[in-house]
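Participant: Next up, upload.tsv (TSV, C-alpha atoms and all ligand atoms).
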```tsv
chain	number	residue	atom	x	y	z
C	1	MET	CA	-26.33	-13.69	-0.27
C	2	SER	CA	-23.25	-13.18	-2.39
C	3	ILE	CA	-19.48	-13.24	-2.48
C	4	LYS	CA	-18.23	-9.71	-1.87
C	5	LEU	CA	-15.21	-8.54	-3.88
C	6	GLY	CA	-13.51	-5.28	-2.86
C	7	VAL	CA	-11.67	-3.31	-5.55
C	8	PRO	CA	-10.06	0.16	-5.35
C	9	SER	CA	-12.59	2.78	-6.28
C	10	LYS	CA	-10.42	5.03	-8.42
C	11	GLY	CA	-7.16	5.64	-10.22
C	12	ARG	CA	-4.57	3.28	-11.58
C	13	LEU	CA	-5.44	0.36	-9.30
C	14	MET	CA	-9.13	0.39	-10.23
C	15	GLU	CA	-8.53	0.43	-13.99
C	16	LYS	CA	-5.91	-2.29	-13.86
C	17	SER	CA	-7.98	-4.45	-11.53
C	18	PHE	CA	-10.92	-4.21	-13.94
C	19	ASP	CA	-8.58	-5.25	-16.78
C	20	TRP	CA	-7.18	-8.19	-14.81
C	21	PHE	CA	-10.63	-9.61	-14.02
C	22	GLY	CA	-11.86	-8.79	-17.55
C	23	GLN	CA	-9.06	-10.85	-19.09
C	24	ARG	CA	-10.40	-13.78	-17.06
C	25	GLY	CA	-13.95	-13.37	-18.31
C	26	ILE	CA	-15.31	-11.47	-15.33
C	27	ALA	CA	-16.33	-7.98	-16.36
C	28	LEU	CA	-16.19	-5.47	-13.52
C	29	GLY	CA	-17.38	-1.93	-13.92
C	30	ARG	CA	-18.90	1.03	-12.27
C	31	SER	CA	-22.63	1.30	-12.49
C	32	GLY	CA	-24.08	4.77	-12.62
C	33	SER	CA	-22.05	7.91	-12.98
C	34	ASP	CA	-18.30	8.38	-12.54
C	35	ARG	CA	-18.90	9.75	-9.09
C	36	GLU	CA	-21.14	6.95	-7.89
C	37	TYR	CA	-19.25	4.20	-6.09
C	38	ALA	CA	-21.55	1.38	-7.12
C	39	GLY	CA	-20.12	-1.63	-8.90
C	40	ALA	CA	-21.43	-4.04	-11.50
C	41	VAL	CA	-20.29	-7.60	-12.22
C	42	ASP	CA	-20.95	-9.46	-15.47
C	43	GLY	CA	-19.95	-12.99	-16.32
C	44	ILE	CA	-20.63	-14.69	-12.98
C	45	GLU	CA	-23.69	-14.83	-10.72
C	46	ASN	CA	-23.82	-13.86	-7.04
C	47	VAL	CA	-20.60	-11.87	-6.92
C	48	GLU	CA	-20.97	-8.32	-5.64
C	49	LEU	CA	-18.41	-5.61	-6.43
C	50	ILE	CA	-17.67	-3.22	-3.57
C	51	LEU	CA	-15.65	-0.14	-4.57
C	52	LEU	CA	-13.48	1.12	-1.71
C	53	SER	CA	-10.37	3.18	-1.06
C	54	ALA	CA	-7.30	0.91	-1.48
C	55	GLY	CA	-6.31	1.91	2.05
C	56	GLU	CA	-9.59	0.62	3.52
C	57	ILE	CA	-9.59	-2.77	1.80
C	58	PRO	CA	-7.24	-4.41	4.37
C	59	ARG	CA	-9.56	-3.42	7.22
C	60	GLU	CA	-12.66	-4.65	5.39
C	61	LEU	CA	-10.97	-8.01	4.71
C	62	ALA	CA	-9.85	-8.32	8.33
C	63	ALA	CA	-13.35	-7.48	9.56
C	64	GLY	CA	-14.79	-10.14	7.26
C	65	ARG	CA	-17.04	-7.63	5.52
C	66	ILE	CA	-15.61	-8.59	2.12
C	67	HIS	CA	-14.48	-12.07	1.06
C	68	LEU	CA	-11.92	-11.05	-1.55
C	69	GLY	CA	-10.08	-7.79	-2.12
C	70	VAL	CA	-7.48	-6.20	-4.36
C	71	THR	CA	-4.99	-3.87	-2.72
C	72	GLY	CA	-1.26	-3.27	-2.34
C	73	THR	CA	0.81	-5.64	-0.20
C	74	ASP	CA	2.22	-2.53	1.49
C	75	LEU	CA	-1.21	-1.50	2.73
C	76	VAL	CA	-2.04	-4.96	4.10
C	77	ARG	CA	1.26	-5.21	5.98
C	78	GLU	CA	0.96	-1.67	7.31
C	79	LYS	CA	-2.67	-1.74	8.37
C	80	LEU	CA	-3.06	-5.27	9.73
C	81	ALA	CA	-1.03	-6.46	12.72
C	82	GLY	CA	-0.54	-10.20	12.23
C	83	TRP	CA	-1.86	-9.93	8.68
C	84	GLN	CA	-1.15	-13.60	7.89
C	85	ASN	CA	-3.75	-14.67	10.43
C	86	ARG	CA	-6.42	-12.47	8.92
C	87	VAL	CA	-5.93	-12.65	5.16
C	88	THR	CA	-4.44	-15.03	2.61
C	89	GLU	CA	-2.39	-13.70	-0.30
C	90	LEU	CA	-3.94	-15.43	-3.32
C	91	GLU	CA	-2.15	-13.90	-6.29
C	92	PRO	CA	0.15	-10.98	-7.13
C	93	LEU	CA	-1.51	-9.18	-10.03
C	94	GLY	CA	1.53	-7.75	-11.81
C	95	PHE	CA	0.67	-4.06	-11.49
C	96	GLY	CA	0.81	-1.32	-8.87
C	97	GLN	CA	4.48	-2.09	-8.27
C	98	ALA	CA	6.09	0.38	-5.91
C	99	ASP	CA	8.88	0.33	-3.34
C	100	LEU	CA	8.58	1.64	0.18
C	101	ILE	CA	11.93	3.30	0.82
C	102	LEU	CA	13.78	5.47	3.29
C	103	ALA	CA	15.27	8.65	1.78
C	104	VAL	CA	17.38	11.54	3.01
C	105	PRO	CA	18.40	14.88	1.44
C	106	GLN	CA	20.83	14.57	-1.49
C	107	ALA	CA	22.84	17.27	0.28
C	108	TRP	CA	23.74	14.77	3.03
C	109	VAL	CA	26.79	13.56	1.09
C	110	ASP	CA	28.17	11.55	4.01
C	111	VAL	CA	24.95	9.60	4.55
C	112	SER	CA	24.31	6.66	2.26
C	113	THR	CA	23.48	3.75	4.60
C	114	LEU	CA	21.39	3.04	7.69
C	115	ASP	CA	24.57	3.01	9.78
C	116	ASP	CA	25.34	6.52	8.54
C	117	LEU	CA	21.78	7.56	9.37
C	118	ASP	CA	22.12	6.12	12.86
C	119	ALA	CA	25.29	8.16	13.44
C	120	VAL	CA	23.70	11.33	12.07
C	121	ALA	CA	20.59	10.75	14.20
C	122	ALA	CA	22.62	10.63	17.42
C	123	ALA	CA	24.53	13.78	16.47
C	124	PHE	CA	21.30	15.48	15.43
C	125	ARG	CA	19.72	14.89	18.83
C	126	GLU	CA	22.75	16.30	20.67
C	127	ARG	CA	22.77	19.35	18.48
C	128	HIS	CA	19.06	20.15	18.30
C	129	GLY	CA	17.68	18.71	21.50
C	130	PHE	CA	15.08	16.65	19.66
C	131	ARG	CA	15.15	13.51	17.57
C	132	LEU	CA	15.60	13.45	13.82
C	133	ARG	CA	12.18	13.39	12.19
C	134	ILE	CA	11.11	10.86	9.55
C	135	ALA	CA	7.85	11.70	7.77
C	136	THR	CA	5.68	8.79	6.66
C	137	LYS	CA	2.23	7.27	6.59
C	138	TYR	CA	3.71	3.77	6.99
C	139	HIS	CA	4.28	3.88	10.75
C	140	ARG	CA	4.23	0.15	11.51
C	141	LEU	CA	6.51	-0.88	8.63
C	142	VAL	CA	9.03	1.90	9.21
C	143	ARG	CA	9.27	1.28	12.97
C	144	GLU	CA	9.74	-2.43	12.45
C	145	PHE	CA	12.38	-1.89	9.73
C	146	LEU	CA	14.39	0.57	11.82
C	147	ARG	CA	14.16	-1.62	14.91
C	148	LEU	CA	15.48	-4.64	12.96
C	149	ASN	CA	18.30	-2.47	11.62
C	150	GLY	CA	19.28	-0.99	14.98
C	151	VAL	CA	18.29	2.62	14.32
C	152	ALA	CA	16.60	4.08	17.40
C	153	ASP	CA	17.29	7.81	17.71
C	154	TYR	CA	14.48	9.11	15.52
C	155	GLN	CA	10.83	10.11	15.70
C	156	LEU	CA	8.11	9.53	13.15
C	157	VAL	CA	5.99	12.42	12.02
C	158	ASP	CA	2.75	11.58	10.32
C	159	SER	CA	2.38	12.57	6.69
C	160	GLN	CA	-0.64	11.36	4.73
C	161	GLY	CA	0.39	12.87	1.38
C	162	ALA	CA	3.03	14.99	-0.37
C	163	THR	CA	5.49	13.37	2.05
C	164	GLU	CA	8.53	14.24	-0.09
C	165	GLY	CA	7.74	17.94	0.49
C	166	THR	CA	8.15	17.72	4.27
C	167	VAL	CA	11.95	18.00	4.10
C	168	LYS	CA	11.85	21.23	2.12
C	169	ASN	CA	9.12	22.50	4.43
C	170	GLU	CA	11.34	21.68	7.40
C	171	THR	CA	8.83	19.49	9.18
C	172	ALA	CA	11.09	16.42	8.74
C	173	GLU	CA	14.73	15.57	7.99
C	174	ALA	CA	14.05	12.26	6.19
C	175	ILE	CA	11.08	10.45	4.66
C	176	ALA	CA	9.76	6.94	4.15
C	177	ASP	CA	7.35	6.67	1.24
C	178	ILE	CA	6.38	4.76	-1.86
C	179	THR	CA	8.37	5.34	-5.02
C	180	SER	CA	7.89	3.97	-8.48
C	181	THR	CA	9.77	5.99	-11.13
C	182	GLY	CA	11.79	7.98	-8.55
C	183	ASP	CA	10.70	11.26	-10.17
C	184	THR	CA	9.10	12.65	-7.02
C	185	LEU	CA	12.20	11.90	-4.92
C	186	ARG	CA	14.51	13.54	-7.47
C	187	ALA	CA	12.27	16.57	-7.82
C	188	ASN	CA	12.48	17.02	-4.07
C	189	HIS	CA	16.29	16.53	-3.88
C	190	LEU	CA	16.07	13.30	-1.93
C	191	LYS	CA	18.09	10.09	-2.30
C	192	VAL	CA	17.28	6.54	-1.22
C	193	LEU	CA	19.71	5.00	1.27
C	194	ASP	CA	21.70	2.12	-0.27
C	195	ASP	CA	20.08	-0.28	2.21
C	196	GLY	CA	16.88	1.75	2.53
C	197	LEU	CA	14.43	-0.58	0.74
C	198	ILE	CA	11.77	-1.42	3.31
C	199	LEU	CA	9.34	-3.37	1.12
C	200	SER	CA	8.58	-4.04	-2.53
C	201	SER	CA	4.84	-3.89	-3.05
C	202	GLN	CA	2.40	-4.71	-5.80
C	203	ALA	CA	-1.35	-5.03	-6.20
C	204	THR	CA	-2.42	-8.44	-4.94
C	205	LEU	CA	-5.66	-10.40	-4.64
C	206	PHE	CA	-6.32	-11.27	-0.99
C	207	GLN	CA	-8.89	-13.58	0.57
C	208	SER	CA	-10.29	-12.84	4.00
C	209	ARG	CA	-9.77	-15.53	6.62
C	210	MET	CA	-12.39	-13.86	8.76
C	211	ALA	CA	-15.34	-13.70	6.33
C	212	GLU	CA	-17.79	-16.51	6.68
C	213	ILE	CA	-18.91	-18.03	3.41
C	214	PRO	CA	-22.54	-19.13	3.73
C	215	GLU	CA	-23.24	-22.66	2.49
C	216	ALA	CA	-25.26	-21.25	-0.41
C	217	ASP	CA	-22.26	-19.20	-1.63
C	218	ARG	CA	-19.55	-21.86	-1.42
C	219	HIS	CA	-20.02	-22.99	-5.00
C	220	THR	CA	-19.83	-19.36	-6.15
C	221	MET	CA	-16.48	-18.93	-4.41
C	222	THR	CA	-15.17	-22.17	-5.92
C	223	GLU	CA	-16.35	-21.17	-9.37
C	224	LEU	CA	-14.86	-17.69	-9.04
C	225	LEU	CA	-11.45	-18.97	-7.93
C	226	THR	CA	-11.47	-21.58	-10.71
C	227	ARG	CA	-12.30	-18.92	-13.30
C	228	LEU	CA	-9.43	-16.83	-11.96
C	229	ALA	CA	-7.19	-19.93	-12.26
C	230	LEU	CA	-6.68	-19.93	-8.50
C	231	GLY	CA	-8.88	-22.88	-7.56
R	301	LIG	N1	3.49	5.92	-7.89
R	301	LIG	C1	2.95	4.73	-7.69
R	301	LIG	N2	3.06	3.78	-8.63
R	301	LIG	C2	2.52	2.56	-8.44
R	301	LIG	N3	1.82	2.21	-7.33
R	301	LIG	C3	1.67	3.14	-6.40
R	301	LIG	C4	2.23	4.42	-6.51
R	301	LIG	N4	1.90	5.13	-5.42
R	301	LIG	C5	1.18	4.32	-4.65
R	301	LIG	N5	1.05	3.11	-5.22
R	301	LIG	C6	0.37	1.94	-4.67
R	301	LIG	O1	-1.02	2.11	-4.84
R	301	LIG	C7	-1.71	1.63	-3.70
R	301	LIG	C8	-2.73	2.67	-3.30
R	301	LIG	O2	-2.09	3.83	-2.90
R	301	LIG	P1	-2.89	5.17	-2.65
R	301	LIG	O3	-2.13	5.94	-1.63
R	301	LIG	O4	-3.17	5.82	-3.96
R	301	LIG	O5	-4.25	4.59	-2.08
R	301	LIG	P2	-5.15	5.09	-0.92
R	301	LIG	O6	-4.35	5.12	0.35
R	301	LIG	O7	-6.39	4.30	-0.96
R	301	LIG	O8	-5.41	6.55	-1.42
R	301	LIG	P3	-6.74	7.36	-1.30
R	301	LIG	O9	-6.93	7.55	0.16
R	301	LIG	O10	-6.37	8.60	-2.08
R	301	LIG	O11	-7.82	6.54	-1.97
R	301	LIG	C9	-0.64	1.31	-2.64
R	301	LIG	O12	-0.56	-0.10	-2.52
R	301	LIG	C10	0.64	1.86	-3.20
R	301	LIG	O13	1.75	1.01	-2.98
R	302	LIG	O1	8.34	7.56	-7.82
R	302	LIG	P1	7.17	8.27	-8.47
R	302	LIG	O2	6.77	7.64	-9.77
R	302	LIG	O3	7.40	9.74	-8.59
R	302	LIG	O4	5.89	8.04	-7.53
R	302	LIG	C1	5.92	8.31	-6.17
R	302	LIG	C2	4.76	9.11	-5.72
R	302	LIG	O5	3.54	8.39	-6.00
R	302	LIG	C3	2.77	8.34	-4.80
R	302	LIG	O6	2.00	9.46	-4.64
R	302	LIG	P2	0.52	9.62	-5.27
R	302	LIG	O7	0.64	10.05	-6.69
R	302	LIG	O8	-0.27	8.37	-5.02
R	302	LIG	O9	-0.03	10.80	-4.38
R	302	LIG	P3	-0.03	11.00	-2.79
R	302	LIG	O10	1.14	11.90	-2.50
R	302	LIG	O11	-1.34	11.64	-2.53
R	302	LIG	O12	0.12	9.65	-2.12
R	302	LIG	C4	3.82	8.34	-3.69
R	302	LIG	O13	3.27	8.78	-2.46
R	302	LIG	C5	4.86	9.27	-4.22
R	302	LIG	O14	4.62	10.61	-3.85
```
Now, as a test, write the supplied structure out as C-alpha cells.
Ligand SMILES: Nc1ncnc2c1ncn2[C@@H]1O[C@H](COP(=O)(O)OP(=O)(O)OP(=O)(O)O)[C@@H](O)[C@H]1O
Ligand SMILES: O=P(O)(O)OC[C@H]1O[C@H](OP(=O)(O)OP(=O)(O)O)[C@H](O)[C@@H]1O
Facilitator:
Amino acid sequence: MSIKLGVPSKGRLMEKSFDWFGQRGIALGRSGSDREYAGAVDGIENVELILLSAGEIPRELAAGRIHLGVTGTDLVREKLAGWQNRVTELEPLGFGQADLILAVPQAWVDVSTLDDLDAVAAAFRERHGFRLRIATKYHRLVREFLRLNGVADYQLVDSQGATEGTVKNETAEAIADITSTGDTLRANHLKVLDDGLILSSQATLFQSRMAEIPEADRHTMTELLTRLALG
C-alpha cells in the first residue's frame, strides 16, 4: 500500500513540480531512461510517484486512482463537472501561470468586448448561414463563460493544439485558449477581448476526495502534508 502522487510526466510542469517538492525535502525523479514514465521518490517512505499527462490527472483524482496530484486549475475545472465535490485544492504552487482567454482577429477593429462579439455573431449568422466558430479545447469553461455573459449565437469547434492557427486556416473566426506571454496570439494576429478573460490558471496541488486512504497509509498522508507545510 502507498499514497499515490500524480505529477505531469514532461515539460515545464514536471520540472517545476520536482523542484517544488525538492525544496520541501521530498526528492521526486524519473527512474530509468528519459522515455520511461516510472517515478522515484526519496525522502519519505510509502509514497509512489505516478507520472501522467497533466490533462489526465483530474480524471485520475476524480476516479480515486491517485490520492494527490499536480495539475493546472484550468484542467480540473474543464475536465471535472462539479470539481469541488471530487477534489480539494490544497495549494497553488506558483508556476504554470496562464490565462484562458477569448480572442478575435486584430483586423476586427470594431470588436473589443463580448457585447461587440455578440453583435458580430448575430450578423455573421445572417450573412453566412452558420454560426460564428470559436476554436478551443476548453469546451465546458467556454460554454459556461459565454452563457453567463449572454453570448449565444456561436458554435464551438474542437481544437486540441495549435488553436491560434485555426483563424488563419479559416476553420474558426475566434479562439479560446491559454496564453502566457501573448507571443502566440500576436504572431497569429489575434487580440484578447477587453472582457475576454475566462480564467486565470496555475499549477496547483489537489487532493482526491474519492480516493480511499487505507488505515495503514493514514500516517504517511499526514506526514507528507506536514512536510509540505499543508498539514
Ligand atoms: N504557455 C504556457 N505557459 C504556462 N503554462 C501553460 C502554458 N500553456 C499551457 N500551460 C498550462 O500547463 C498545463 C498543461 O498544459 P498542456 O496542454 O501542456 O498539458 P496536457 O494537456 O497534458 O498536454 P499533453 O497532452 O501534451 O501532455 C495547463 O494547466 C495549462 O494551463
Ligand atoms: O502566450 P504564449 O507564451 O505564446 O503561450 C501560449 C501557447 O502555449 C500553449 O501551447 P503549448 O506550447 O503548450 O502547445 P500546444 O499548442 O500543443 O498546446 C498554448 O496552447 C498557447 O498556444
Participant: How close does chain C get to ligand LIG 301 (chain R)? List, as a tab-separated table, each residue of chain C within 6 Å, its nearest atom pair and the distance in Å to one decimal, counting all atoms listed in the file.
Facilitator:
```
residue	atom	partner	partner_atom	distance
C:Ser53	CA	R:LIG301	O7	4.1
C:Ala54	CA	R:LIG301	O7	3.5
C:Gly55	CA	R:LIG301	O7	3.8
C:Thr71	CA	R:LIG301	O12	5.8
C:Gly72	CA	R:LIG301	O12	3.3
C:Asp74	CA	R:LIG301	O12	5.5
C:Leu75	CA	R:LIG301	O12	5.5
C:Gly96	CA	R:LIG301	N3	4.0
C:Gln97	CA	R:LIG301	C2	5.0
C:Ala98	CA	R:LIG301	N3	4.9
C:Ile178	CA	R:LIG301	N4	5.7
C:Thr179	CA	R:LIG301	N1	5.7
C:Ser180	CA	R:LIG301	N2	4.8
C:Ser201	CA	R:LIG301	O13	5.8
```
Participant: Chain C near ligand LIG 302 (chain R) within 9 Å: what's each residue's closest atom pair and its distance in Å to one decimal, counting all atoms listed in the file, ordered by chain then ascending residue number, as CSV?
Facilitator:
```
residue,atom,partner,partner_atom,distance
C:Ala98,CA,R:LIG302,O1,7.8
C:Asp99,CA,R:LIG302,O1,8.5
C:Gln160,CA,R:LIG302,O12,7.1
C:Gly161,CA,R:LIG302,O10,4.1
C:Ala162,CA,R:LIG302,O10,4.2
C:Thr163,CA,R:LIG302,O10,6.5
C:Glu164,CA,R:LIG302,O14,6.5
C:Asp177,CA,R:LIG302,O13,5.9
C:Ile178,CA,R:LIG302,C4,4.8
C:Thr179,CA,R:LIG302,O1,3.6
C:Ser180,CA,R:LIG302,O1,3.7
C:Thr181,CA,R:LIG302,O2,3.7
C:Gly182,CA,R:LIG302,O1,3.6
C:Asp183,CA,R:LIG302,O3,4.0
C:Thr184,CA,R:LIG302,O3,3.7
C:Leu185,CA,R:LIG302,O3,6.4
C:Arg186,CA,R:LIG302,O3,8.1
C:Ala187,CA,R:LIG302,O3,8.4
```
Participant: Kindly provide, as an mmCIF file with C-alpha atoms, in the frame of the given file, the polymer residues lying within 9 Å of (22.2, -0.6, 2.5), counting only C-alpha atoms and using the coordinates exactly as they appear in the file.
Facilitator:
```cif
data_model
loop_
_atom_site.group_PDB
_atom_site.id
_atom_site.type_symbol
_atom_site.label_atom_id
_atom_site.label_comp_id
_atom_site.auth_asym_id
_atom_site.auth_seq_id
_atom_site.Cartn_x
_atom_site.Cartn_y
_atom_site.Cartn_z
ATOM 1 C CA SER C 112 24.310 6.660 2.260
ATOM 2 C CA THR C 113 23.480 3.750 4.600
ATOM 3 C CA LEU C 114 21.390 3.040 7.690
ATOM 4 C CA ASP C 115 24.570 3.010 9.780
ATOM 5 C CA LEU C 193 19.710 5.000 1.270
ATOM 6 C CA ASP C 194 21.700 2.120 -0.270
ATOM 7 C CA ASP C 195 20.080 -0.280 2.210
ATOM 8 C CA GLY C 196 16.880 1.750 2.530
ATOM 9 C CA LEU C 197 14.430 -0.580 0.740
#
```
Participant: With distances taken over all atoms listed in the file, which residue among C:Arg125, C:Asn85, C:Ile44, C:Arg147 lies nearest Thr220 in chain C?
Facilitator: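 Nearest to Thr220 in chain C: C:Ile44.
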Participant: Do you know which residues are at most 9 Å from Val104 in chain C counting all atoms listed in the file, after dropping those on the same chain fewer than 2 positions away, and could you put them as a list in words?
Facilitator: Leu102, Gln106, Ala107, Trp108, Val111, Ser112, Leu117, Val167, Glu173, Ala174, Ile175, Ala176, His189, Leu190, Lys191, Val192 and Leu193 of chain C
Participant: Pick from C:Ser31, C:Thr226, C:Thr204, C:Thr73: nearest to Leu90 in chain C, with all atoms listed in the file counted?
Facilitator: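 Selected residue with least distance to Leu90 in chain C: C:Thr204.
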Participant: Check the smallest atom-to-atom distance from each of C:Pro8, C:Gly39, C:Pro214, C:Pro58 to Ala27 in chain C using only C-alpha atoms, then report the winner.
Facilitator: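 Among the listed residues, C:Gly39 lies closest to Ala27 in chain C.
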Participant: Take CA of Arg65 in chain C and CA of Ser200 in chain C and report the distance between them in Å, one decimal.
Facilitator: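 Computed distance, CA of Arg65 in chain C to CA of Ser200 in chain C, equals 27.1 Å.
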Participant: Where atoms are missing, can you supply N, CA and C atoms for range 76-104 of chain C and output the lot as an mmCIF file, keeping the file's coordinate frame?
Facilitator:
```cif
data_model
loop_
_atom_site.group_PDB
_atom_site.id
_atom_site.type_symbol
_atom_site.label_atom_id
_atom_site.label_comp_id
_atom_site.auth_asym_id
_atom_site.auth_seq_id
_atom_site.Cartn_x
_atom_site.Cartn_y
_atom_site.Cartn_z
ATOM 1 N N VAL C 76 -1.656 -3.844 3.220
ATOM 2 C CA VAL C 76 -2.040 -4.960 4.100
ATOM 3 C C VAL C 76 -1.046 -5.100 5.250
ATOM 4 N N ARG C 77 0.245 -5.054 4.934
ATOM 5 C CA ARG C 77 1.260 -5.210 5.980
ATOM 6 C C ARG C 77 1.274 -4.030 6.947
ATOM 7 N N GLU C 78 0.982 -2.850 6.441
ATOM 8 C CA GLU C 78 0.960 -1.670 7.310
ATOM 9 C C GLU C 78 -0.275 -1.648 8.208
ATOM 10 N N LYS C 79 -1.414 -1.981 7.632
ATOM 11 C CA LYS C 79 -2.670 -1.740 8.370
ATOM 12 C C LYS C 79 -3.083 -2.891 9.256
ATOM 13 N N LEU C 80 -2.592 -4.113 8.959
ATOM 14 C CA LEU C 80 -3.060 -5.270 9.730
ATOM 15 C C LEU C 80 -1.924 -5.902 10.527
ATOM 16 N N ALA C 81 -1.979 -5.744 11.848
ATOM 17 C CA ALA C 81 -1.030 -6.460 12.720
ATOM 18 C C ALA C 81 -1.335 -7.949 12.557
ATOM 19 N N GLY C 82 -0.321 -8.762 12.407
ATOM 20 C CA GLY C 82 -0.540 -10.200 12.230
ATOM 21 C C GLY C 82 -1.362 -10.493 10.995
ATOM 22 N N TRP C 83 -1.015 -9.853 9.881
ATOM 23 C CA TRP C 83 -1.860 -9.930 8.680
ATOM 24 C C TRP C 83 -2.056 -11.373 8.199
ATOM 25 N N GLN C 84 -1.038 -12.224 8.409
ATOM 26 C CA GLN C 84 -1.150 -13.600 7.890
ATOM 27 C C GLN C 84 -2.285 -14.377 8.547
ATOM 28 N N ASN C 85 -2.660 -13.968 9.752
ATOM 29 C CA ASN C 85 -3.750 -14.670 10.430
ATOM 30 C C ASN C 85 -5.119 -14.187 9.962
ATOM 31 N N ARG C 86 -5.128 -13.072 9.250
ATOM 32 C CA ARG C 86 -6.420 -12.470 8.920
ATOM 33 C C ARG C 86 -6.753 -12.518 7.442
ATOM 34 N N VAL C 87 -5.700 -12.557 6.609
ATOM 35 C CA VAL C 87 -5.930 -12.650 5.160
ATOM 36 C C VAL C 87 -4.955 -13.651 4.548
ATOM 37 N N THR C 88 -5.332 -14.159 3.380
ATOM 38 C CA THR C 88 -4.440 -15.030 2.610
ATOM 39 C C THR C 88 -4.113 -14.310 1.312
ATOM 40 N N GLU C 89 -2.821 -14.308 0.960
ATOM 41 C CA GLU C 89 -2.390 -13.700 -0.300
ATOM 42 C C GLU C 89 -2.657 -14.715 -1.404
ATOM 43 N N LEU C 90 -3.615 -14.433 -2.294
ATOM 44 C CA LEU C 90 -3.940 -15.430 -3.320
ATOM 45 C C LEU C 90 -3.052 -15.299 -4.545
ATOM 46 N N GLU C 91 -2.868 -14.045 -5.023
ATOM 47 C CA GLU C 91 -2.150 -13.900 -6.290
ATOM 48 C C GLU C 91 -1.632 -12.466 -6.467
ATOM 49 N N PRO C 92 -0.332 -12.311 -6.735
ATOM 50 C CA PRO C 92 0.150 -10.980 -7.130
ATOM 51 C C PRO C 92 -0.368 -10.687 -8.536
ATOM 52 N N LEU C 93 -0.802 -9.458 -8.771
ATOM 53 C CA LEU C 93 -1.510 -9.180 -10.030
ATOM 54 C C LEU C 93 -0.636 -8.543 -11.108
ATOM 55 N N GLY C 94 0.608 -8.238 -10.776
ATOM 56 C CA GLY C 94 1.530 -7.750 -11.810
ATOM 57 C C GLY C 94 1.387 -6.274 -12.149
ATOM 58 N N PHE C 95 0.716 -5.515 -11.295
ATOM 59 C CA PHE C 95 0.670 -4.060 -11.490
ATOM 60 C C PHE C 95 0.697 -3.378 -10.114
ATOM 61 N N GLY C 96 0.753 -2.059 -10.140
ATOM 62 C CA GLY C 96 0.810 -1.320 -8.870
ATOM 63 C C GLY C 96 2.122 -1.562 -8.134
ATOM 64 N N GLN C 97 3.181 -1.858 -8.914
ATOM 65 C CA GLN C 97 4.480 -2.090 -8.270
ATOM 66 C C GLN C 97 5.034 -0.785 -7.730
ATOM 67 N N ALA C 98 5.483 -0.808 -6.512
ATOM 68 C CA ALA C 98 6.090 0.380 -5.910
ATOM 69 C C ALA C 98 6.940 -0.090 -4.730
ATOM 70 N N ASP C 99 7.990 0.665 -4.458
ATOM 71 C CA ASP C 99 8.880 0.330 -3.340
ATOM 72 C C ASP C 99 8.685 1.314 -2.203
ATOM 73 N N LEU C 100 8.563 0.779 -1.011
ATOM 74 C CA LEU C 100 8.580 1.640 0.180
ATOM 75 C C LEU C 100 10.044 1.810 0.574
ATOM 76 N N ILE C 101 10.496 3.044 0.596
ATOM 77 C CA ILE C 101 11.930 3.300 0.820
ATOM 78 C C ILE C 101 12.135 4.396 1.876
ATOM 79 N N LEU C 102 13.377 4.427 2.356
ATOM 80 C CA LEU C 102 13.780 5.470 3.290
ATOM 81 C C LEU C 102 14.735 6.395 2.538
ATOM 82 N N ALA C 103 14.443 7.699 2.542
ATOM 83 C CA ALA C 103 15.270 8.650 1.780
ATOM 84 C C ALA C 103 15.663 9.833 2.630
ATOM 85 N N VAL C 104 16.832 10.376 2.297
ATOM 86 C CA VAL C 104 17.380 11.540 3.010
ATOM 87 C C VAL C 104 17.736 12.614 1.981
#
```
